[in-house]
file input.cif (mmCIF, N, CA, C and O atoms)
data_upload
#
loop_
_atom_site.label_atom_id
_atom_site.label_comp_id
_atom_site.auth_asym_id
_atom_site.auth_seq_id
_atom_site.Cartn_x
_atom_site.Cartn_y
_atom_site.Cartn_z
N MET A 1 -51.03 114.90 209.79
CA MET A 1 -52.15 114.05 209.50
C MET A 1 -52.06 113.50 208.08
O MET A 1 -52.29 112.31 207.89
N THR A 2 -51.71 114.33 207.11
CA THR A 2 -51.61 113.86 205.74
C THR A 2 -50.47 112.87 205.58
O THR A 2 -50.54 111.97 204.74
N SER A 3 -49.41 113.04 206.34
CA SER A 3 -48.29 112.09 206.24
C SER A 3 -48.71 110.71 206.74
O SER A 3 -48.24 109.70 206.23
N ILE A 4 -49.60 110.64 207.70
CA ILE A 4 -50.09 109.36 208.21
C ILE A 4 -50.94 108.68 207.15
O ILE A 4 -50.84 107.48 206.91
N VAL A 5 -51.77 109.46 206.46
CA VAL A 5 -52.62 108.91 205.41
C VAL A 5 -51.76 108.41 204.25
O VAL A 5 -51.99 107.33 203.71
N LEU A 6 -50.74 109.20 203.87
CA LEU A 6 -49.84 108.78 202.78
C LEU A 6 -49.07 107.52 203.17
O LEU A 6 -48.87 106.62 202.35
N ALA A 7 -48.64 107.42 204.39
CA ALA A 7 -47.93 106.24 204.86
C ALA A 7 -48.84 105.02 204.84
O ALA A 7 -48.43 103.91 204.47
N ALA A 8 -50.10 105.20 205.19
CA ALA A 8 -51.06 104.10 205.18
C ALA A 8 -51.33 103.63 203.76
O ALA A 8 -51.42 102.43 203.50
N GLN A 9 -51.44 104.57 202.83
CA GLN A 9 -51.67 104.21 201.43
C GLN A 9 -50.45 103.50 200.86
O GLN A 9 -50.59 102.54 200.10
N ALA A 10 -49.25 103.92 201.21
CA ALA A 10 -48.03 103.27 200.74
C ALA A 10 -47.94 101.84 201.28
O ALA A 10 -47.52 100.92 200.58
N ALA A 11 -48.35 101.65 202.51
CA ALA A 11 -48.32 100.32 203.11
C ALA A 11 -49.31 99.39 202.41
O ALA A 11 -49.03 98.22 202.20
N GLN A 12 -50.47 99.91 202.04
CA GLN A 12 -51.45 99.10 201.33
C GLN A 12 -50.93 98.69 199.96
O GLN A 12 -51.11 97.56 199.53
N GLY A 13 -50.29 99.57 199.26
CA GLY A 13 -49.72 99.27 197.96
C GLY A 13 -48.63 98.22 198.08
O GLY A 13 -48.50 97.35 197.24
N GLY A 14 -47.85 98.28 199.11
CA GLY A 14 -46.79 97.29 199.34
C GLY A 14 -47.37 95.92 199.60
O GLY A 14 -46.83 94.91 199.16
N GLY A 15 -48.48 95.85 200.31
CA GLY A 15 -49.13 94.58 200.57
C GLY A 15 -49.70 93.96 199.31
O GLY A 15 -49.64 92.75 199.11
N MET A 16 -50.23 94.82 198.44
CA MET A 16 -50.81 94.33 197.19
C MET A 16 -49.71 93.78 196.28
O MET A 16 -49.89 92.74 195.66
N SER A 17 -48.59 94.47 196.23
CA SER A 17 -47.50 93.98 195.38
C SER A 17 -46.93 92.67 195.93
O SER A 17 -46.49 91.82 195.17
N MET A 18 -46.98 92.50 197.25
CA MET A 18 -46.52 91.26 197.86
C MET A 18 -47.42 90.09 197.45
O MET A 18 -46.94 89.01 197.13
N ILE A 19 -48.73 90.34 197.43
CA ILE A 19 -49.68 89.31 197.02
C ILE A 19 -49.46 88.95 195.55
O ILE A 19 -49.46 87.78 195.18
N ILE A 20 -49.28 89.95 194.72
CA ILE A 20 -49.04 89.72 193.29
C ILE A 20 -47.76 88.91 193.10
O ILE A 20 -47.71 87.98 192.28
N MET A 21 -46.74 89.22 193.86
CA MET A 21 -45.47 88.50 193.77
C MET A 21 -45.64 87.04 194.19
O MET A 21 -45.09 86.14 193.55
N MET A 22 -46.40 86.78 195.24
CA MET A 22 -46.63 85.41 195.70
C MET A 22 -47.41 84.61 194.64
O MET A 22 -47.10 83.44 194.39
N VAL A 23 -48.40 85.23 194.02
CA VAL A 23 -49.17 84.56 192.97
C VAL A 23 -48.26 84.25 191.78
O VAL A 23 -48.33 83.15 191.21
N ALA A 24 -47.39 85.18 191.42
CA ALA A 24 -46.46 84.96 190.32
C ALA A 24 -45.50 83.81 190.62
O ALA A 24 -45.24 82.96 189.76
N ILE A 25 -45.01 83.73 191.82
CA ILE A 25 -44.09 82.65 192.21
C ILE A 25 -44.82 81.31 192.14
O ILE A 25 -44.27 80.32 191.64
N PHE A 26 -46.06 81.25 192.64
CA PHE A 26 -46.83 80.01 192.58
C PHE A 26 -47.07 79.60 191.13
O PHE A 26 -46.97 78.41 190.79
N ALA A 27 -47.39 80.56 190.26
CA ALA A 27 -47.65 80.25 188.85
C ALA A 27 -46.39 79.69 188.19
O ALA A 27 -46.47 78.72 187.42
N ILE A 28 -45.24 80.27 188.49
CA ILE A 28 -43.99 79.78 187.92
C ILE A 28 -43.71 78.35 188.41
O ILE A 28 -43.33 77.48 187.62
N MET A 29 -43.91 78.11 189.70
CA MET A 29 -43.71 76.76 190.24
C MET A 29 -44.66 75.77 189.57
O MET A 29 -44.28 74.63 189.28
N TRP A 30 -45.90 76.16 189.35
CA TRP A 30 -46.88 75.28 188.73
C TRP A 30 -46.45 74.88 187.33
O TRP A 30 -46.47 73.70 186.98
N PHE A 31 -46.04 75.86 186.51
CA PHE A 31 -45.70 75.57 185.12
C PHE A 31 -44.38 74.83 184.96
O PHE A 31 -44.20 74.07 184.02
N PHE A 32 -43.42 75.04 185.84
CA PHE A 32 -42.11 74.42 185.68
C PHE A 32 -41.88 73.19 186.54
O PHE A 32 -40.94 72.42 186.28
N MET A 33 -42.69 72.95 187.57
CA MET A 33 -42.45 71.82 188.45
C MET A 33 -43.65 70.89 188.56
O MET A 33 -43.53 69.69 188.31
N ILE A 34 -44.78 71.40 188.94
CA ILE A 34 -45.93 70.55 189.25
C ILE A 34 -46.56 69.98 187.98
O ILE A 34 -46.81 68.78 187.88
N ARG A 35 -46.81 70.81 187.00
CA ARG A 35 -47.48 70.37 185.77
C ARG A 35 -46.69 69.30 185.02
O ARG A 35 -47.27 68.28 184.63
N PRO A 36 -45.38 69.46 184.80
CA PRO A 36 -44.63 68.40 184.12
C PRO A 36 -44.63 67.08 184.89
O PRO A 36 -44.69 66.00 184.29
N GLN A 37 -44.59 67.16 186.21
CA GLN A 37 -44.62 65.94 187.02
C GLN A 37 -45.96 65.23 186.88
O GLN A 37 -46.01 64.00 186.81
N GLN A 38 -47.05 65.98 186.83
CA GLN A 38 -48.36 65.37 186.65
C GLN A 38 -48.47 64.70 185.28
O GLN A 38 -49.04 63.61 185.16
N LYS A 39 -47.92 65.33 184.24
CA LYS A 39 -47.95 64.75 182.90
C LYS A 39 -47.15 63.45 182.87
O LYS A 39 -47.57 62.45 182.28
N LYS A 40 -45.99 63.45 183.52
CA LYS A 40 -45.15 62.25 183.56
C LYS A 40 -45.86 61.12 184.30
O LYS A 40 -45.82 59.97 183.87
N GLN A 41 -46.52 61.44 185.39
CA GLN A 41 -47.25 60.44 186.17
C GLN A 41 -48.38 59.84 185.35
O GLN A 41 -48.63 58.63 185.41
N LYS A 42 -49.08 60.65 184.55
CA LYS A 42 -50.15 60.14 183.69
C LYS A 42 -49.60 59.21 182.62
O LYS A 42 -50.21 58.19 182.30
N GLU A 43 -48.42 59.52 182.06
CA GLU A 43 -47.79 58.66 181.06
C GLU A 43 -47.41 57.31 181.66
O GLU A 43 -47.62 56.27 181.04
N ILE A 44 -46.87 57.32 182.87
CA ILE A 44 -46.49 56.08 183.55
C ILE A 44 -47.73 55.23 183.80
O ILE A 44 -47.74 54.02 183.56
N GLN A 45 -48.80 55.85 184.29
CA GLN A 45 -50.03 55.12 184.57
C GLN A 45 -50.63 54.55 183.29
O GLN A 45 -51.11 53.41 183.27
N LYS A 46 -50.58 55.30 182.20
CA LYS A 46 -51.08 54.82 180.91
C LYS A 46 -50.27 53.61 180.46
O LYS A 46 -50.83 52.61 180.01
N PHE A 47 -48.94 53.67 180.59
CA PHE A 47 -48.08 52.54 180.22
C PHE A 47 -48.42 51.31 181.05
O PHE A 47 -48.53 50.19 180.51
N GLN A 48 -48.60 51.48 182.35
CA GLN A 48 -48.91 50.36 183.23
C GLN A 48 -50.26 49.73 182.88
O GLN A 48 -50.42 48.51 182.95
N ASN A 49 -51.22 50.53 182.47
CA ASN A 49 -52.54 50.01 182.09
C ASN A 49 -52.51 49.28 180.75
O ASN A 49 -53.36 48.44 180.49
N GLU A 50 -51.53 49.61 179.90
CA GLU A 50 -51.44 49.01 178.57
C GLU A 50 -50.40 47.90 178.49
O GLU A 50 -50.03 47.48 177.40
N LEU A 51 -49.91 47.41 179.64
CA LEU A 51 -48.91 46.34 179.63
C LEU A 51 -49.43 45.11 178.91
O LEU A 51 -50.60 44.74 179.07
N SER A 52 -48.56 44.49 178.12
CA SER A 52 -48.94 43.27 177.42
C SER A 52 -47.73 42.34 177.38
O SER A 52 -46.60 42.74 177.67
N GLU A 53 -47.98 41.12 177.01
CA GLU A 53 -46.92 40.11 176.96
C GLU A 53 -45.85 40.52 175.95
O GLU A 53 -46.15 40.96 174.85
N GLY A 54 -44.59 40.39 176.35
CA GLY A 54 -43.47 40.71 175.47
C GLY A 54 -42.90 42.10 175.66
O GLY A 54 -41.86 42.43 175.09
N THR A 55 -43.54 42.94 176.45
CA THR A 55 -43.07 44.29 176.69
C THR A 55 -41.84 44.26 177.60
O THR A 55 -41.84 43.58 178.62
N GLU A 56 -40.79 44.96 177.20
CA GLU A 56 -39.59 45.03 178.04
C GLU A 56 -39.80 46.12 179.08
O GLU A 56 -40.19 47.24 178.75
N VAL A 57 -39.54 45.77 180.36
CA VAL A 57 -39.82 46.67 181.47
C VAL A 57 -38.66 46.68 182.46
O VAL A 57 -37.76 45.85 182.40
N VAL A 58 -38.74 47.65 183.38
CA VAL A 58 -37.83 47.72 184.52
C VAL A 58 -38.71 47.82 185.76
O VAL A 58 -39.64 48.63 185.79
N THR A 59 -38.42 47.01 186.77
CA THR A 59 -39.21 47.08 188.00
C THR A 59 -38.72 48.25 188.85
O THR A 59 -37.66 48.81 188.59
N GLY A 60 -39.48 48.56 189.86
CA GLY A 60 -39.11 49.63 190.78
C GLY A 60 -37.80 49.34 191.48
O GLY A 60 -37.10 50.26 191.91
N GLY A 61 -37.41 48.07 191.59
CA GLY A 61 -36.14 47.69 192.22
C GLY A 61 -34.97 47.69 191.26
O GLY A 61 -33.84 47.39 191.65
N GLY A 62 -35.23 48.01 189.97
CA GLY A 62 -34.16 48.10 189.00
C GLY A 62 -33.91 46.82 188.22
O GLY A 62 -32.91 46.71 187.52
N ILE A 63 -34.80 45.85 188.31
CA ILE A 63 -34.64 44.59 187.59
C ILE A 63 -35.23 44.73 186.19
O ILE A 63 -36.39 45.11 186.03
N HIS A 64 -34.43 44.40 185.17
CA HIS A 64 -34.88 44.46 183.79
C HIS A 64 -35.44 43.10 183.40
O HIS A 64 -34.88 42.06 183.78
N GLY A 65 -36.51 43.10 182.62
CA GLY A 65 -37.10 41.85 182.18
C GLY A 65 -38.15 42.05 181.13
O GLY A 65 -38.35 43.16 180.62
N THR A 66 -38.82 40.95 180.79
CA THR A 66 -39.86 40.96 179.78
C THR A 66 -41.16 40.44 180.40
O THR A 66 -41.15 39.44 181.11
N VAL A 67 -42.26 41.11 180.11
CA VAL A 67 -43.56 40.72 180.67
C VAL A 67 -43.97 39.38 180.06
O VAL A 67 -43.99 39.22 178.84
N LYS A 68 -44.30 38.42 180.93
CA LYS A 68 -44.80 37.12 180.49
C LYS A 68 -46.32 37.09 180.56
O LYS A 68 -46.96 36.51 179.69
N SER A 69 -46.89 37.67 181.62
CA SER A 69 -48.35 37.71 181.73
C SER A 69 -48.76 38.83 182.68
O SER A 69 -47.98 39.27 183.51
N VAL A 70 -50.01 39.27 182.53
CA VAL A 70 -50.58 40.32 183.38
C VAL A 70 -51.85 39.76 184.01
O VAL A 70 -52.72 39.25 183.31
N ASP A 71 -51.93 39.85 185.34
CA ASP A 71 -53.12 39.39 186.07
C ASP A 71 -53.87 40.62 186.58
O ASP A 71 -53.48 41.24 187.56
N LEU A 72 -54.94 40.97 185.87
CA LEU A 72 -55.70 42.17 186.23
C LEU A 72 -56.46 42.00 187.54
O LEU A 72 -56.67 42.97 188.27
N ALA A 73 -56.86 40.77 187.86
CA ALA A 73 -57.61 40.53 189.10
C ALA A 73 -56.74 40.80 190.32
O ALA A 73 -57.20 41.39 191.30
N LYS A 74 -55.49 40.36 190.27
CA LYS A 74 -54.57 40.55 191.39
C LYS A 74 -53.72 41.81 191.25
O LYS A 74 -52.97 42.15 192.14
N ASN A 75 -53.80 42.45 190.08
CA ASN A 75 -53.02 43.66 189.79
C ASN A 75 -51.52 43.36 189.85
O ASN A 75 -50.74 44.14 190.40
N THR A 76 -51.13 42.19 189.29
CA THR A 76 -49.72 41.79 189.28
C THR A 76 -49.26 41.50 187.86
O THR A 76 -50.07 41.33 186.94
N VAL A 77 -47.93 41.46 187.70
CA VAL A 77 -47.31 41.17 186.42
C VAL A 77 -46.24 40.12 186.64
O VAL A 77 -45.43 40.23 187.57
N ASP A 78 -46.21 39.10 185.78
CA ASP A 78 -45.13 38.11 185.81
C ASP A 78 -44.06 38.60 184.84
O ASP A 78 -44.34 38.81 183.65
N VAL A 79 -42.83 38.76 185.35
CA VAL A 79 -41.73 39.30 184.55
C VAL A 79 -40.64 38.25 184.46
O VAL A 79 -40.15 37.76 185.48
N LYS A 80 -40.25 37.91 183.22
CA LYS A 80 -39.15 36.98 183.01
C LYS A 80 -37.85 37.77 183.06
O LYS A 80 -37.64 38.69 182.26
N ILE A 81 -36.97 37.43 184.03
CA ILE A 81 -35.73 38.18 184.20
C ILE A 81 -34.51 37.40 183.75
O ILE A 81 -33.44 37.97 183.56
N ALA A 82 -34.65 36.08 183.58
CA ALA A 82 -33.58 35.22 183.08
C ALA A 82 -34.23 33.94 182.56
O ALA A 82 -35.43 33.73 182.73
N ARG A 83 -33.43 33.08 181.94
CA ARG A 83 -33.98 31.83 181.44
C ARG A 83 -34.56 31.03 182.60
O ARG A 83 -33.89 30.81 183.61
N ASP A 84 -35.81 30.65 182.49
CA ASP A 84 -36.54 29.88 183.50
C ASP A 84 -36.68 30.60 184.84
O ASP A 84 -36.89 29.96 185.86
N VAL A 85 -36.55 31.93 184.86
CA VAL A 85 -36.75 32.70 186.10
C VAL A 85 -37.83 33.75 185.85
O VAL A 85 -37.62 34.68 185.07
N VAL A 86 -38.97 33.58 186.52
CA VAL A 86 -40.08 34.51 186.38
C VAL A 86 -40.45 35.00 187.77
O VAL A 86 -40.63 34.20 188.68
N VAL A 87 -40.53 36.32 187.92
CA VAL A 87 -40.91 36.90 189.20
C VAL A 87 -42.26 37.59 189.03
O VAL A 87 -42.60 38.09 187.97
N THR A 88 -43.02 37.62 190.11
CA THR A 88 -44.32 38.29 190.11
C THR A 88 -44.16 39.59 190.91
O THR A 88 -43.69 39.57 192.04
N VAL A 89 -44.53 40.70 190.28
CA VAL A 89 -44.41 42.01 190.93
C VAL A 89 -45.74 42.76 190.79
O VAL A 89 -46.56 42.44 189.93
N GLU A 90 -45.92 43.75 191.64
CA GLU A 90 -47.09 44.62 191.54
C GLU A 90 -47.03 45.39 190.23
O GLU A 90 -45.96 45.84 189.80
N LYS A 91 -48.18 45.57 189.62
CA LYS A 91 -48.25 46.29 188.34
C LYS A 91 -47.78 47.75 188.49
O LYS A 91 -47.19 48.31 187.58
N THR A 92 -47.99 48.33 189.66
CA THR A 92 -47.60 49.73 189.87
C THR A 92 -46.09 49.91 190.03
O THR A 92 -45.62 51.04 190.03
N SER A 93 -45.35 48.81 190.17
CA SER A 93 -43.89 48.94 190.31
C SER A 93 -43.16 48.59 189.01
O SER A 93 -41.97 48.33 189.02
N VAL A 94 -43.88 48.59 187.89
CA VAL A 94 -43.30 48.28 186.60
C VAL A 94 -43.27 49.56 185.75
O VAL A 94 -44.26 50.25 185.63
N PHE A 95 -42.09 49.83 185.16
CA PHE A 95 -41.90 51.03 184.36
C PHE A 95 -41.33 50.68 183.00
O PHE A 95 -40.78 49.60 182.81
N LYS A 96 -41.43 51.61 182.07
CA LYS A 96 -40.94 51.40 180.71
C LYS A 96 -39.42 51.28 180.71
O LYS A 96 -38.73 52.04 181.38
N ASP A 97 -38.91 50.31 179.93
CA ASP A 97 -37.47 50.14 179.78
C ASP A 97 -36.98 51.13 178.71
O ASP A 97 -37.18 50.91 177.53
N MET A 98 -36.37 52.21 179.16
CA MET A 98 -35.95 53.26 178.23
C MET A 98 -34.77 52.81 177.36
O MET A 98 -34.56 53.33 176.28
N ALA A 99 -33.99 51.83 177.81
CA ALA A 99 -32.85 51.34 177.03
C ALA A 99 -33.33 50.61 175.77
O ALA A 99 -32.66 50.64 174.75
N SER A 100 -34.49 49.96 175.84
CA SER A 100 -35.00 49.23 174.68
C SER A 100 -35.84 50.10 173.76
O SER A 100 -36.18 49.69 172.67
N THR A 101 -36.17 51.31 174.19
CA THR A 101 -36.99 52.23 173.39
C THR A 101 -36.09 52.97 172.40
O THR A 101 -35.06 53.51 172.79
N PRO A 102 -36.45 52.98 171.12
CA PRO A 102 -35.63 53.72 170.14
C PRO A 102 -35.58 55.21 170.49
O PRO A 102 -36.60 55.81 170.78
N GLN A 103 -34.39 55.77 170.47
CA GLN A 103 -34.22 57.19 170.78
C GLN A 103 -34.48 58.04 169.54
O GLN A 103 -34.16 57.65 168.43
N LYS A 104 -35.06 59.21 169.73
CA LYS A 104 -35.36 60.13 168.62
C LYS A 104 -34.15 60.94 168.26
O LYS A 104 -33.33 61.28 169.00
#
call {"tool": "encode", "arguments": {"input": "input.cif", "output": "structure tokens"}}
result
Amino acid sequence: MTSIVLAAQAAQGGGMSMIIMMVAIFAIMWFFMIRPQQKKQKEIQKFQNELSEGTEVVTGGGIHGTVKSVDLAKNTVDVKIARDVVVTVEKTSVFKDMASTPQK
């Protein structure tokens, strides 16, 4: 009878350590994967909201250009990609041109 009680108590302790391990794994994933991605997404959104004429950008399709105008009503950006060539793209598909940004 006592061996059954001891076995039951050992099983409960094993379950508790399993829960603690799962919480620890989730916490590690949060700090190393989810949180940095959320910070990066906020930076991209902030950049898109602060777009102005003359800003060098890269579109989601990989086209490099310079912002000519921003239409907040339509949520679009006119991007000059070559002499006399201006394309209109969604504001959400415009990202910072890291090649033109001074490196630290």
call {"tool": "resolve_selection", "arguments": {"input": "input.cif", "expression": "the PyMOL selection byres (((chain A and resi 95 and name CA) around 12) and name CA)", "output": "MDAnalysis selection string"}}
result
chainID A and resid 40:41 43:51 55:67 77 79 89:94 96:99
call {"tool": "atom_distance", "arguments": {"input": "input.cif", "atom1": "atom CA of Lys42 of chain A", "atom2": "atom CA of Trp30 of chain A"}}
result
16.3 Å
call {"tool": "select_by_dssp", "arguments": {"input": "input.cif", "residues": "chain A", "states": "strand (DSSP E or B)", "output": "number ranges by chain"}}
result
A: 56-59, 64-71, 76-82, 85-90, 94-96
call {"tool": "select_by_dssp", "arguments": {"input": "input.cif", "residues": "chain A", "states": "alpha helix (DSSP H)", "output": "count of residues only"}}
result
43
call {"tool": "atom_distance", "arguments": {"input": "input.cif", "atom1": "atom CA of Ser69 of chain A", "atom2": "atom C of Ser52 of chain A"}}
result
6.4 Å
call {"tool": "closest_residue", "arguments": {"input": "input.cif", "among": "A:Val87, A:Phe26, A:Met21, A:Ile34", "to": "Lys68 of chain A", "atoms": "only N, CA, C and O atoms"}}
result
A:Val87
call {"tool": "atom_distance", "arguments": {"input": "input.cif", "atom1": "atom CA of Phe32 of chain A", "atom2": "atom C of Ile20 of chain A"}}
result
17.2 Å
